[in-house]
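Text of protein.txt (compact mmCIF, C-alpha atoms) as supplied:
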# COMPACT_ATOMS: atom_id res chain seq x y z
CA MET P 1 -65.12 -39.09 -64.74
CA THR P 2 -62.80 -36.70 -62.88
CA SER P 3 -61.38 -33.85 -64.93
CA VAL P 4 -57.83 -32.75 -64.25
CA ALA P 5 -56.99 -29.07 -64.66
CA THR P 6 -54.06 -28.55 -66.99
CA ARG P 7 -51.43 -25.89 -66.41
CA PRO P 8 -51.53 -23.08 -69.02
CA ALA P 9 -48.69 -23.18 -71.54
CA VAL P 10 -45.78 -20.86 -70.86
CA GLY P 11 -46.38 -19.03 -74.15
CA GLU P 12 -49.97 -18.31 -73.17
CA LEU P 13 -48.87 -16.98 -69.79
CA LEU P 14 -46.19 -14.78 -71.34
CA ARG P 15 -48.72 -13.40 -73.78
CA ASP P 16 -51.10 -12.58 -70.91
CA TRP P 17 -48.35 -10.71 -69.09
CA ARG P 18 -47.40 -8.82 -72.27
CA LEU P 19 -50.98 -7.74 -72.81
CA ARG P 20 -51.30 -6.77 -69.15
CA ARG P 21 -48.27 -4.49 -69.62
CA ARG P 22 -49.86 -3.08 -72.82
CA LEU P 23 -46.92 -4.07 -74.99
CA SER P 24 -46.98 -5.31 -78.57
CA GLN P 25 -44.86 -8.28 -79.61
CA LEU P 26 -42.57 -5.83 -81.40
CA ASP P 27 -42.22 -3.70 -78.24
CA LEU P 28 -41.32 -6.66 -76.03
CA ALA P 29 -39.02 -8.17 -78.63
CA GLY P 30 -37.12 -4.89 -78.88
CA ASP P 31 -36.85 -4.55 -75.09
CA ALA P 32 -35.69 -8.16 -74.71
CA GLY P 33 -33.30 -8.12 -77.67
CA VAL P 34 -34.97 -11.01 -79.49
CA SER P 35 -36.73 -11.20 -82.82
CA ALA P 36 -40.46 -10.60 -82.98
CA ARG P 37 -40.70 -13.84 -84.98
CA HIS P 38 -39.10 -15.87 -82.20
CA LEU P 39 -41.30 -14.24 -79.57
CA SER P 40 -44.36 -15.04 -81.66
CA PHE P 41 -43.27 -18.68 -81.90
CA VAL P 42 -42.81 -18.81 -78.11
CA GLU P 43 -46.26 -17.36 -77.43
CA THR P 44 -47.99 -19.71 -79.85
CA GLY P 45 -46.10 -22.79 -78.63
CA ARG P 46 -44.19 -23.34 -81.87
CA ALA P 47 -40.93 -22.79 -79.99
CA SER P 48 -39.96 -23.87 -76.48
CA PRO P 49 -38.09 -21.14 -74.56
CA SER P 50 -35.02 -21.98 -72.52
CA ARG P 51 -34.97 -21.41 -68.77
CA ASP P 52 -32.85 -18.28 -69.26
CA MET P 53 -35.22 -16.96 -71.91
CA VAL P 54 -38.24 -17.40 -69.60
CA LEU P 55 -36.47 -15.48 -66.84
CA HIS P 56 -35.26 -12.82 -69.29
CA LEU P 57 -38.74 -12.19 -70.67
CA ALA P 58 -40.19 -12.19 -67.15
CA GLU P 59 -37.64 -9.56 -66.14
CA GLN P 60 -38.57 -7.35 -69.09
CA LEU P 61 -42.26 -7.73 -68.22
CA GLU P 62 -41.64 -7.00 -64.51
CA VAL P 63 -43.40 -10.21 -63.53
CA PRO P 64 -43.49 -10.68 -59.72
CA LEU P 65 -41.21 -13.43 -58.40
CA ARG P 66 -44.07 -15.71 -57.39
CA GLU P 67 -45.45 -15.63 -60.93
CA ARG P 68 -41.95 -16.15 -62.39
CA ASN P 69 -41.93 -19.51 -60.63
CA GLU P 70 -45.24 -20.31 -62.33
CA LEU P 71 -43.77 -19.41 -65.72
CA LEU P 72 -40.82 -21.73 -65.09
CA LEU P 73 -43.09 -24.59 -64.06
CA ALA P 74 -45.23 -24.07 -67.16
CA ALA P 75 -42.07 -24.27 -69.29
CA GLY P 76 -40.99 -27.52 -67.58
CA PHE P 77 -38.33 -26.06 -65.29
CA ALA P 78 -37.97 -26.03 -61.51
CA PRO P 79 -38.78 -22.81 -59.63
CA VAL P 80 -35.77 -20.69 -58.68
CA TYR P 81 -37.26 -18.37 -56.07
CA GLY P 82 -37.63 -19.91 -52.62
CA ARG P 83 -40.04 -18.95 -49.91
CA ARG P 84 -39.01 -19.04 -46.25
CA ALA P 85 -40.90 -17.96 -43.17
CA LEU P 86 -39.75 -14.68 -41.65
CA ASP P 87 -38.81 -16.53 -38.44
CA ASP P 88 -36.54 -18.92 -40.38
CA PRO P 89 -32.90 -18.64 -39.13
CA ASP P 90 -31.77 -17.87 -42.68
CA MET P 91 -34.05 -14.82 -42.69
CA SER P 92 -32.36 -13.19 -39.71
CA ALA P 93 -30.80 -10.47 -41.90
CA VAL P 94 -34.22 -9.57 -43.29
CA ARG P 95 -35.72 -9.43 -39.79
CA ARG P 96 -32.91 -7.17 -38.60
CA ALA P 97 -33.45 -4.85 -41.57
CA VAL P 98 -37.19 -4.71 -40.90
CA ASP P 99 -36.68 -4.01 -37.19
CA LEU P 100 -34.11 -1.33 -38.00
CA VAL P 101 -36.42 0.51 -40.39
CA LEU P 102 -39.42 0.30 -38.03
CA ALA P 103 -37.36 1.68 -35.15
CA ALA P 104 -35.91 4.43 -37.33
CA TYR P 105 -39.39 5.77 -38.08
CA GLU P 106 -40.29 6.22 -34.40
CA PRO P 107 -42.18 8.23 -33.19
CA TYR P 108 -44.02 8.05 -36.51
CA PRO P 109 -46.25 5.01 -37.19
CA ALA P 110 -44.89 2.36 -39.57
CA VAL P 111 -46.12 -1.11 -40.52
CA VAL P 112 -44.73 -4.07 -42.44
CA VAL P 113 -47.23 -5.77 -44.76
CA ASP P 114 -47.10 -8.67 -47.18
CA ARG P 115 -48.34 -8.76 -50.75
CA SER P 116 -51.95 -9.14 -49.63
CA TRP P 117 -51.64 -6.16 -47.24
CA GLN P 118 -51.72 -8.40 -44.19
CA LEU P 119 -49.97 -6.96 -41.15
CA VAL P 120 -46.59 -8.60 -40.48
CA ALA P 121 -45.17 -6.17 -37.91
CA GLY P 122 -45.46 -2.61 -36.70
CA ASN P 123 -43.68 -0.18 -34.42
CA ARG P 124 -45.06 1.13 -31.14
CA SER P 125 -46.57 4.25 -32.70
CA VAL P 126 -49.04 2.17 -34.72
CA ALA P 127 -51.16 2.01 -31.55
CA LEU P 128 -52.08 5.64 -32.24
CA LEU P 129 -53.90 4.54 -35.41
CA THR P 130 -55.42 1.30 -34.09
CA GLU P 131 -56.94 2.87 -30.97
CA GLY P 132 -60.63 1.99 -30.79
CA VAL P 133 -60.47 -0.52 -33.66
CA ALA P 134 -62.64 -3.64 -33.21
CA GLU P 135 -60.70 -6.61 -31.85
CA GLU P 136 -61.81 -8.90 -34.68
CA LEU P 137 -60.16 -6.58 -37.21
CA LEU P 138 -56.89 -6.78 -35.29
CA ALA P 139 -56.94 -10.57 -35.00
CA PRO P 140 -54.26 -12.22 -37.19
CA PRO P 141 -54.07 -12.12 -40.10
CA ALA P 142 -55.08 -8.47 -39.82
CA ASN P 143 -55.36 -6.60 -43.13
CA VAL P 144 -54.26 -2.98 -42.88
CA LEU P 145 -56.43 -1.77 -45.77
CA ARG P 146 -59.50 -3.36 -44.21
CA LEU P 147 -58.49 -1.78 -40.89
CA SER P 148 -58.38 1.67 -42.48
CA LEU P 149 -61.68 1.56 -44.41
CA HIS P 150 -63.95 -0.63 -42.26
CA PRO P 151 -66.69 1.13 -40.23
CA ASP P 152 -65.42 -0.72 -37.15
CA GLY P 153 -61.84 0.22 -37.92
CA LEU P 154 -60.09 3.54 -38.42
CA ALA P 155 -62.68 4.89 -40.89
CA PRO P 156 -64.86 6.80 -38.33
CA ARG P 157 -61.78 8.80 -37.26
CA ILE P 158 -60.64 9.68 -40.80
CA LEU P 159 -61.80 13.21 -41.51
CA ASN P 160 -61.17 12.97 -45.27
CA LEU P 161 -62.52 9.43 -45.62
CA PRO P 162 -63.94 9.76 -49.18
CA GLN P 163 -60.63 11.15 -50.43
CA TRP P 164 -58.52 8.58 -48.56
CA ARG P 165 -60.86 5.77 -49.61
CA ARG P 166 -60.48 6.71 -53.27
CA HIS P 167 -56.69 6.75 -52.88
CA VAL P 168 -56.61 3.29 -51.24
CA LEU P 169 -58.97 1.71 -53.76
CA HIS P 170 -57.09 3.20 -56.71
CA ARG P 171 -53.77 1.88 -55.42
CA LEU P 172 -55.23 -1.55 -54.69
CA ASP P 173 -56.87 -1.74 -58.13
CA ARG P 174 -53.57 -0.86 -59.81
CA GLU P 175 -51.68 -3.52 -57.82
CA ALA P 176 -54.31 -6.13 -58.70
CA GLN P 177 -53.91 -5.30 -62.39
CA LEU P 178 -50.11 -5.30 -62.30
CA THR P 179 -49.80 -8.59 -60.40
CA GLY P 180 -52.87 -10.44 -61.63
CA ASP P 181 -53.39 -11.59 -58.01
CA PRO P 182 -56.98 -12.81 -57.48
CA GLN P 183 -56.67 -12.18 -53.72
CA LEU P 184 -56.04 -8.49 -54.33
CA ARG P 185 -58.96 -8.34 -56.76
CA ALA P 186 -61.25 -9.96 -54.16
CA LEU P 187 -60.01 -7.53 -51.50
CA HIS P 188 -60.73 -4.61 -53.82
CA ARG P 189 -64.31 -5.80 -54.34
CA GLU P 190 -64.78 -6.22 -50.59
CA LEU P 191 -63.44 -2.77 -49.70
CA ALA P 192 -65.25 -1.03 -52.54
CA ALA P 193 -68.53 -2.33 -51.10
CA LEU P 194 -67.88 -0.68 -47.71
CA PRO P 195 -69.56 2.66 -46.95
CA GLY P 196 -67.56 5.86 -46.96
CA GLY P 197 -68.40 7.75 -50.11
CA THR P 198 -66.18 8.73 -53.02
CA ASP P 199 -64.50 12.07 -53.52
CA ARG P 200 -64.18 12.78 -57.24
CA THR P 201 -62.36 16.08 -56.89
CA PRO P 202 -58.67 15.96 -57.86
CA PRO P 203 -56.14 16.19 -55.00
CA ASP P 204 -54.83 19.68 -54.31
CA GLY P 205 -51.27 18.54 -53.65
CA ILE P 206 -48.67 15.99 -54.74
CA ALA P 207 -50.00 13.32 -52.35
CA VAL P 208 -53.22 12.41 -50.58
CA PRO P 209 -52.93 13.03 -46.81
CA LEU P 210 -54.48 10.86 -44.13
CA ARG P 211 -56.24 13.18 -41.68
CA VAL P 212 -57.14 11.42 -38.42
CA ARG P 213 -58.92 12.62 -35.32
CA ALA P 214 -56.89 11.83 -32.18
CA GLY P 215 -58.57 13.17 -29.06
CA ASP P 216 -58.75 16.94 -29.41
CA ASP P 217 -56.14 16.98 -32.17
CA VAL P 218 -56.29 16.40 -35.91
CA LEU P 219 -53.22 14.56 -37.16
CA SER P 220 -52.25 14.75 -40.82
CA PHE P 221 -49.97 12.10 -42.37
CA LEU P 222 -48.29 11.41 -45.69
CA SER P 223 -47.53 7.75 -46.37
CA THR P 224 -44.31 6.42 -47.91
CA VAL P 225 -43.60 2.83 -48.99
CA THR P 226 -40.23 1.01 -48.83
CA THR P 227 -39.64 -2.35 -50.51
CA PHE P 228 -36.75 -4.80 -50.78
CA GLY P 229 -36.31 -4.26 -54.52
CA THR P 230 -33.41 -6.69 -55.03
CA ALA P 231 -34.71 -9.53 -52.87
CA VAL P 232 -34.57 -13.05 -54.37
CA ASP P 233 -36.62 -14.70 -51.62
CA LEU P 234 -40.38 -14.53 -52.12
CA THR P 235 -41.09 -13.55 -48.52
CA ALA P 236 -38.65 -10.64 -48.59
CA ALA P 237 -39.64 -9.56 -52.10
CA GLU P 238 -43.31 -9.35 -51.12
CA LEU P 239 -42.75 -7.27 -47.97
CA SER P 240 -43.45 -3.55 -47.91
CA ILE P 241 -42.86 -1.04 -45.13
CA GLU P 242 -45.41 1.76 -45.07
CA ALA P 243 -44.63 4.72 -42.84
CA PHE P 244 -46.93 7.60 -41.93
CA LEU P 245 -44.94 10.82 -41.71
CA PRO P 246 -46.25 14.13 -40.34
CA ALA P 247 -47.73 16.33 -43.05
CA ASP P 248 -47.70 19.47 -40.89
CA PRO P 249 -45.77 20.87 -37.93
CA ARG P 250 -48.62 20.28 -35.45
CA THR P 251 -48.69 16.55 -36.21
CA ALA P 252 -44.92 16.31 -35.79
CA GLU P 253 -45.16 18.15 -32.46
CA VAL P 254 -47.90 15.87 -31.13
CA LEU P 255 -46.08 12.69 -32.14
CA ARG P 256 -42.82 13.83 -30.61
CA GLY P 257 -44.70 14.60 -27.41
CA LEU P 258 -46.10 11.07 -27.32
CA ALA P 259 -42.69 9.46 -27.77
CA PRO P 260 -41.35 7.68 -24.64
Target format C-alpha cells, applied to this file:
Amino acid sequence: MTSVATRPAVGELLRDWRLRRRLSQLDLAGDAGVSARHLSFVETGRASPSRDMVLHLAEQLEVPLRERNELLLAAGFAPVYGRRALDDPDMSAVRRAVDLVLAAYEPYPAVVVDRSWQLVAGNRSVALLTEGVAEELLAPPANVLRLSLHPDGLAPRILNLPQWRRHVLHRLDREAQLTGDPQLRALHRELAALPGGTDRTPPDGIAVPLRVRAGDDVLSFLSTVTTFGTAVDLTAAELSIEAFLPADPRTAEVLRGLAP
C-alpha cells in the first residue's frame, strides 16, 4: 500500500510560526487585533480562517513570502505570490535595479545572492575575493558562504578566519531559525563541519570585519546587506545584495587604485 503524505493543517503551521517567533497566543492576538479565543480556534482547527486572515496573521508573524503561499494552500486558497525567473521580461525593472546597485558599489566588491546564498550576480570587483578559489566552488550554482569558508575557497586568505567563521555561522543559524528553511539548516551543518576554528572572544567593534590577504596588502572590509523589502514577487523578495566596503583608509586606497 502506498502512503500519501498529507499537508499540515493551516492552524498547525500558524502555531509553529508563532512558537518560532516566541509569541504567546495572547501576544499574537493583540498584535493582529483578534481575540485570543478566535486565534486558539484557528490553531486547533475549530475555526477556518479566511484568506485575508491567513495573510494578516502571516504578516504579523513576518512569515517569508514562499511560506505564506504554503499557508494559503493549507487553508484551501490559491497562492498569491508568483515566482518568475530573473531573465523574465517582466523582471526587467528588478534587473535594472540590481545592475544599478552593483555598479554603484564599484570599486568595492558586491554580490547578489538568493535565499540559499547562491550567487546570482556580482560586480567586477568580486574577482578580488575569488582569486585563487577552486573552479568547482565557482561552478554554478556557486554558494558564497561555502566560497568564503571552504579550505579551497577564500578561507586560506582570511586572516581572522575563526572570527569571520563564527560571524557567518551565527548569521546562517539565525536565518535558518527565522525561515524554517531546511536547505539553510543543511548548509549550516555542512559549513560548521569545515575546519577553521572558532573565536569565542566578543568582537571589539560594532561589526565583524573581513580581513583578507591580497598580495602584499591586507584588505579589511565591512559587509552591508540590501534587500527588496516591499517586493511581492518571490524571486525579488528573496534576493539580497551584499557589499564589502573598506573598513580602513588603506583598503579604500588599494581598491580605488585597482579601479579601471
Point to revise | Distance criterion (all atoms listed in the file): nearest to P:Ile158 out of P:Arg185, P:Glu135, P:Val218, P:Val212 | key: P:Val212
Review point. Hey, which of P:Gln163, P:Gln118, P:Ser223, P:Thr179 ends up closest to P:Glu67? Count all atoms listed in the file.
Key: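 Using all atoms listed in the file, the shortest distance to P:Glu67 belongs to P:Thr179.
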Exercise for review: Just the residues within 10 Å of P:Gly82, please, counting all atoms listed in the file, with nothing from its chain fewer than 3 positions along; format it as a list in words.
Suggested key: Leu65, Arg66, Asn69, Pro79, Val232, Asp233, Leu234 and Thr235 of chain P
Point to revise | Atom-to-atom span, atom CA of P:Leu178 and atom CA of P:Arg46, Å | key: 27.3 Å
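Considering all atoms listed in the file, the residue among P:Gly132, P:Pro49, P:Gly11, P:Pro109 positioned nearest to P:Pro151 is P:Gly132.
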Axis-aligned box for stretch 128-147 of chain P, 4 Å per side, centre and edges in Å as JSON:
{"center_x": -57.4, "center_y": -3.3, "center_z": -38.3, "size_x": 18.6, "size_y": 25.9, "size_z": 23.0}
Exercise for review: Excluding P:Arg200 and any residue of its chain fewer than 5 positions from it, enumerate the residues within 12 Å of it, using only C-alpha atoms, and give them as a VMD selection string.
Suggested key: chain P and resid 162 to 167 170
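A straight line drawn from atom CA of P:Glu131 to atom CA of P:Ser116 is 22.7 Å long.
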Check your understanding: Excluding same-chain residues fewer than 3 positions from P:Glu190, what lies within 12 Å of it counting all atoms listed in the file, as an MDAnalysis selection string?
Key -> chainID P and resid 145:146 149:150 169 172:173 183:187 193:195
**Study point:** Straight-line distance linking atom CA of P:Ala176 with atom CA of P:Asp99, stated in Å to one decimal
**Key:**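 A separation of 27.9 Å between them.
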Review point. From the list P:Asp90, P:Glu175, P:Asp114, P:Glu62, which residue is nearest P:Glu238 when using all atoms listed in the file?
Key: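 The answer is P:Asp114, which sits nearest to P:Glu238.
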Can you rebuild stretch 72-83 of chain P with all heavy atoms and give it as a short mmCIF file (atom, residue, chain, number, x, y, z; two decimals), keeping the file's coordinate frame?
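File produced: result_3.cif:
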data_model
loop_
_atom_site.label_atom_id
_atom_site.label_comp_id
_atom_site.auth_asym_id
_atom_site.auth_seq_id
_atom_site.Cartn_x
_atom_site.Cartn_y
_atom_site.Cartn_z
N LEU P 72 -41.83 -20.68 -64.98
CA LEU P 72 -40.82 -21.73 -65.09
C LEU P 72 -41.46 -23.11 -65.06
O LEU P 72 -41.10 -24.00 -65.84
CB LEU P 72 -39.79 -21.58 -63.98
CG LEU P 72 -38.83 -20.40 -64.11
CD1 LEU P 72 -38.06 -20.18 -62.82
CD2 LEU P 72 -37.85 -20.62 -65.27
N LEU P 73 -42.40 -23.31 -64.15
CA LEU P 73 -43.09 -24.59 -64.06
C LEU P 73 -43.84 -24.89 -65.36
O LEU P 73 -43.83 -26.03 -65.85
CB LEU P 73 -44.06 -24.59 -62.88
CG LEU P 73 -43.44 -24.67 -61.49
CD1 LEU P 73 -44.49 -24.41 -60.42
CD2 LEU P 73 -42.80 -26.04 -61.28
N ALA P 74 -44.48 -23.87 -65.92
CA ALA P 74 -45.23 -24.07 -67.16
C ALA P 74 -44.30 -24.43 -68.32
O ALA P 74 -44.71 -25.11 -69.26
CB ALA P 74 -46.02 -22.81 -67.51
N ALA P 75 -43.04 -23.97 -68.24
CA ALA P 75 -42.07 -24.27 -69.29
C ALA P 75 -41.33 -25.58 -69.02
O ALA P 75 -40.47 -25.97 -69.83
CB ALA P 75 -41.07 -23.13 -69.42
N GLY P 76 -41.63 -26.24 -67.89
CA GLY P 76 -40.99 -27.52 -67.58
C GLY P 76 -39.74 -27.42 -66.75
O GLY P 76 -38.96 -28.38 -66.67
N PHE P 77 -39.53 -26.25 -66.11
CA PHE P 77 -38.33 -26.06 -65.29
C PHE P 77 -38.71 -25.92 -63.81
O PHE P 77 -39.85 -25.59 -63.48
CB PHE P 77 -37.57 -24.81 -65.74
CG PHE P 77 -37.16 -24.83 -67.18
CD1 PHE P 77 -37.78 -23.99 -68.10
CD2 PHE P 77 -36.16 -25.67 -67.62
CE1 PHE P 77 -37.42 -24.00 -69.44
CE2 PHE P 77 -35.78 -25.70 -68.96
CZ PHE P 77 -36.42 -24.86 -69.88
N ALA P 78 -37.74 -26.16 -62.95
CA ALA P 78 -37.97 -26.03 -61.51
C ALA P 78 -37.99 -24.56 -61.12
O ALA P 78 -37.30 -23.73 -61.73
CB ALA P 78 -36.87 -26.76 -60.74
N PRO P 79 -38.78 -24.20 -60.12
CA PRO P 79 -38.78 -22.81 -59.63
C PRO P 79 -37.40 -22.43 -59.09
O PRO P 79 -36.65 -23.28 -58.62
CB PRO P 79 -39.83 -22.83 -58.51
CG PRO P 79 -40.65 -24.05 -58.76
CD PRO P 79 -39.75 -25.04 -59.40
N VAL P 80 -37.07 -21.15 -59.17
CA VAL P 80 -35.77 -20.69 -58.68
C VAL P 80 -35.89 -19.78 -57.46
O VAL P 80 -34.90 -19.52 -56.79
CB VAL P 80 -34.98 -19.95 -59.79
CG1 VAL P 80 -34.72 -20.88 -60.96
CG2 VAL P 80 -35.72 -18.71 -60.25
N TYR P 81 -37.10 -19.30 -57.18
CA TYR P 81 -37.26 -18.37 -56.07
C TYR P 81 -37.90 -19.11 -54.89
O TYR P 81 -39.03 -19.60 -54.98
CB TYR P 81 -38.13 -17.18 -56.48
CG TYR P 81 -37.55 -16.41 -57.64
CD1 TYR P 81 -38.07 -16.54 -58.93
CD2 TYR P 81 -36.45 -15.57 -57.45
CE1 TYR P 81 -37.52 -15.85 -60.00
CE2 TYR P 81 -35.90 -14.87 -58.52
CZ TYR P 81 -36.43 -15.02 -59.78
OH TYR P 81 -35.87 -14.34 -60.83
N GLY P 82 -37.15 -19.20 -53.80
CA GLY P 82 -37.63 -19.91 -52.62
C GLY P 82 -38.52 -19.02 -51.77
O GLY P 82 -38.61 -17.81 -51.96
N ARG P 83 -39.17 -19.68 -50.83
CA ARG P 83 -40.04 -18.95 -49.91
C ARG P 83 -39.80 -19.49 -48.50
O ARG P 83 -40.09 -20.66 -48.22
CB ARG P 83 -41.51 -19.11 -50.29
CG ARG P 83 -42.46 -18.27 -49.43
CD ARG P 83 -43.91 -18.54 -49.77
NE ARG P 83 -44.79 -17.65 -49.05
CZ ARG P 83 -45.22 -16.47 -49.52
NH1 ARG P 83 -44.85 -16.08 -50.71
NH2 ARG P 83 -46.01 -15.70 -48.80
#
